[in-house]
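**Student:** Quick one: the structure is below, and I'll ask about it shortly.
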Protein chains: 2
Amino acid sequence: MTTPSNPAPLRLGIAGLGTVGAGVIKIIERTNELLAARAGRPLEIVAVSARSRDKDRGVDLSPYGWEDDPVALAKRDDIDIFVELMGGSDGPAKAATEAALARGIHVVTANKAMLAHHGQALAETAEKTGASLRFEAAVAGGIPVVKALTEGLAGNRITRVMGVMNGTCNYILTRMESAGLPYDQVFDEANKLGYLEADPTLDVGGIDAGHKLSLLAAIGFGTQVAFDQMQLEGIERISIDDINQAADMGYRIKLLGVAQRTENGIEQRMMPCLVPATSPLGQLENATNMVVIEGDSVGQIVLRGAGAGEGPTASAVLGDIIDIARGIRLPAFGQPIARLEKAVAAQSAAPAPYYLRTALEDKPGALAKVATVLGEAGVSINRMRQYGHDSDAAPVLIVTHPCSRSAIDAALAALPATGVVAVDPVALRIEEV
Amino acid sequence: MTTPSNPAPLRLGIAGLGTVGAGVIKIIERTNELLAARAGRPLEIVAVSARSRDKDRGVDLSPYGWEDDPVALAKRDDIDIFVELMGGSDGPAKAATEAALARGIHVVTANKAMLAHHGQALAETAEKTGASLRFEAAVAGGIPVVKALTEGLAGNRITRVMGVMNGTCNYILTRMESAGLPYDQVFDEANKLGYLEADPTLDVGGIDAGHKLSLLAAIGFGTQVAFDQMQLEGIERISIDDINQAADMGYRIKLLGVAQRTENGIEQRMMPCLVPATSPLGQLENATNMVVIEGDSVGQIVLRGAGAGEGPTASAVLGDIIDIARGIRLPAFGQPIARLEKAVAAQSAAPAPYYLRTALEDKPGALAKVATVLGEAGVSINRMRQYGHDSDAAPVLIVTHPCSRSAIDAALAALPATGVVAVDPVALRIEEV
């Protein structure tokens, strides 16, 4: 704990100078003395790498070395940590991360896509060389949830991890509700505000949030990252009608991730759900993130904060850097590689009530035909409403009693044959969280 | 990161076998293999100490050594961590903690009173000998807030820490509201349920929560623990009328702690306040705790969970133990002792609106006299209500415009001289959190 009076600086190489990378540099420049006191040694930015050296990022890069190639940066002999803030599951980010870890250089990254796809292999390399692979910034921005799960709650058998972890989707859904605007219009707004990834499917398709959840599931359950087992649905088909009708019933629609240990395996899903409007998850506004962790001893812990943005994400990156400066060394997923089991995907999610929305053609007996198909699939109806309408098709809303997803899927598959369904049905799980 | 195939066990001596101590033993017995995988080495309980060896605690103590004297336990050569779960700011807890730290033995404790009063001296001893002094369980039970503040958010200048951190007080206040019961009756209920400390003033006087806040303030602001600078008020004078009238105005009353860095020093207060009923703090029910941390980069982080009880508190103790097993070594308050500044108490809290409740005698001009006194003290009235009444005194409720606490105190001091005040006034700060 006693540190020498002139401890060696911790030398950083930062690859990727978008908002987060520039944010990290700004924080280090602004509060270096405080950071050094906490870290036990000064932080020193040795060199940086990005696509363009000349772009104005609000920071002066002249004090730092420059590498055009991030892999060359990762291979420099004069850095202790390679800070990977480029993004992308493969390509330069992965090549540079591999190069650093293979040499025993610590890596701090915000790259959920890379970790969801290659986390296991990267953690193996890190374990072999004794390097740290840290990724607080990859999950829920500034919320220190990776640390809470890996360290603070390490005395628990984790039973469930839930969360709203894509700020863009939550912004779109809450903005649709508050402004009464359709999905496409709010999507365009979000795009203009720069809230969407270059490939928007990553956000609105639930992929980005799914990446994050897969990392938390691996840590929590002691399993290998199994993003390929994630049940994924995006928010693209959520209409303003769905939002309003959910609100009428006391619910709000959230892109909700749930990972839980069940008797027949690990269940992982990221999909729009109805949650009670008065619950903490239901009340989450705009781009805020929330993660709920449940353990056998601690009960339920809820963490809320900004899920993205320069400051919050840079805060998470700095937390990892300071940990490494302090000498904290942990396995990437909290346990040695050999202890991480292959995740067995649960055959089916626990039964739940479902919200179904469709529209029926104006034909005699249409509603009865739908009810019959549902009954034959084993789906029991709790509430059903047909709305008045100007068009040829009558909007219909059904809330089921708890049933399995497979029963819902069977019903959805059988509905077209009735010849009365005018609109592809939307089925959303209702989670009483 | 690679661990030897048969790493040496981490040897524990546990002093204090109340619900938390017994809970720690149960968790270690139940999940030892998982804990060992996470910790990198097995946890081994070597010996325990408590007042009585024979009391039934639901755990078999026969596998463990026994010490009547916790100081003797702290001095044993065969322990690596002394786990202090006895409580009490002085006496055996302090003597044993000092003995362990002086010998370089790590200490994990849940003892907020001891740390609020002696944390600085104990941290100095720990720094000298290289021992760790860890206290996650001392603040907000199972919520990993010490870790979040010390490590996860170490990249931030912390600007404010707030929280509801005494579950018993929150239970009493929410139970008064939900059941419509007076303070004394709910206090007795809580006592029968075992929710109160042996000295209930620690809970309802705000002292216990104040202890916790003083520790978070020290970590957040890099100052020496300054519990003596905490402005403390308890909940003893909160009436069911206050709760109902606050609710009428859209507020709930919470024992709220606020520690913030201001231009003229560190402000620390723990007192009942009105907070918006729809805010996360306002919605906190029963014994749940919530801590809000604000930093210059991360913005606002909110943490919620069980603030007490066997499982949650034991979870926090295990988190600290596993950290030490993993080789994590940090200064007790996140920075070396020499860096911790003496806290300068802010002269006055930021102005805020206040809620005033009193009762006036049925005399002509009574209300005018009170209004005059308030005006002379510099307190401007926003809203004032006099209620219908059966008794001789008329209940009066006043909401002020934002003003300083000293103006309120001046007004309160001048009120008796009006000769019309029948009930000692209650003044509560309104926090728009």
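In the structure tokens, chains take the letters A, B, ... in the order shown, each chain's residues start at 1, and ligands count up from 1 in the order shown.
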Residues of chain B were defined as contacting chain A if any atom lay at most 7 Å from it, counting only C-alpha atoms; please report them as a tab-separated table (two decimals) with C-alpha atoms, in the first residue's frame.

**Tutor:**
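File produced: out06.tsv:
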chain	number	residue	atom	x	y	z
B	1	MET	CA	-3.71	-14.81	-13.44
B	2	THR	CA	-2.60	-18.40	-13.72
B	35	LEU	CA	-16.06	-18.98	-4.10
B	37	ALA	CA	-12.91	-20.52	-8.24
B	38	ARG	CA	-13.61	-16.83	-8.10
B	127	GLU	CA	-1.11	1.80	5.55
B	130	GLY	CA	0.48	-2.96	4.45
B	142	GLY	CA	-25.49	-5.61	-0.05
B	143	ILE	CA	-25.12	-2.67	-2.43
B	144	PRO	CA	-21.51	-2.61	-3.67
B	147	LYS	CA	-16.44	-0.47	-4.49
B	148	ALA	CA	-18.34	1.61	-7.04
B	151	GLU	CA	-12.86	1.80	-7.91
B	152	GLY	CA	-15.50	1.89	-10.63
B	153	LEU	CA	-15.86	5.67	-10.53
B	154	ALA	CA	-12.22	6.43	-9.68
B	155	GLY	CA	-11.89	8.38	-12.93
B	156	ASN	CA	-14.31	11.04	-11.66
B	297	SER	CA	-17.66	12.53	-16.11
B	298	VAL	CA	-20.17	9.81	-15.30
B	299	GLY	CA	-23.09	12.07	-14.43
B	300	GLN	CA	-25.49	10.38	-12.04
B	301	ILE	CA	-25.32	6.74	-10.97
B	302	VAL	CA	-28.08	5.25	-8.82
B	303	LEU	CA	-27.63	2.04	-6.82
B	304	ARG	CA	-30.50	0.29	-5.04
B	305	GLY	CA	-30.73	-2.84	-2.92
B	311	GLY	CA	-27.79	-12.36	3.15
B	312	PRO	CA	-27.11	-8.88	1.77
B	315	SER	CA	-22.67	-10.81	0.49
B	316	ALA	CA	-20.77	-7.55	1.03
B	318	LEU	CA	-17.70	-12.01	1.08
B	319	GLY	CA	-17.03	-9.50	-1.70
B	323	ASP	CA	-11.06	-9.19	-3.24
B	328	ILE	CA	-6.54	-6.65	-4.51
B	329	ARG	CA	-4.90	-4.10	-2.23
B	330	LEU	CA	-6.20	-0.58	-1.98
B	331	PRO	CA	-5.88	2.26	0.50
B	334	GLY	CA	-8.99	5.09	-2.03
B	335	GLN	CA	-5.94	7.34	-1.66

**Student:** With DSSP run on the backbone, what are the helix (DSSP H, G or I) residues within range 11-256 of chain B? I'd like them as a ChimeraX atom specification.

**Tutor:** /B:19-30,32-39,70-74,91-102,112-129,136-138,145-152,167-179,183-192,201-204,207-221,227-229,240-248

**Student:** With distances taken over only C-alpha atoms, which residue among A:Leu133, A:Val396, A:Ala179, A:Val186 lies nearest Glu236 in chain A?

**Tutor:**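 So, comparing all the options, the nearest one is A:Val186.
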
**Student:** DSSP on the backbone, strand (DSSP E) only: what residues of range 172-409 of chain A does that give? Format it as number ranges by chain.

**Tutor:** A: 231-232, 251-262, 265-276, 288-295, 299-306, 354-361, 381-386, 393-400
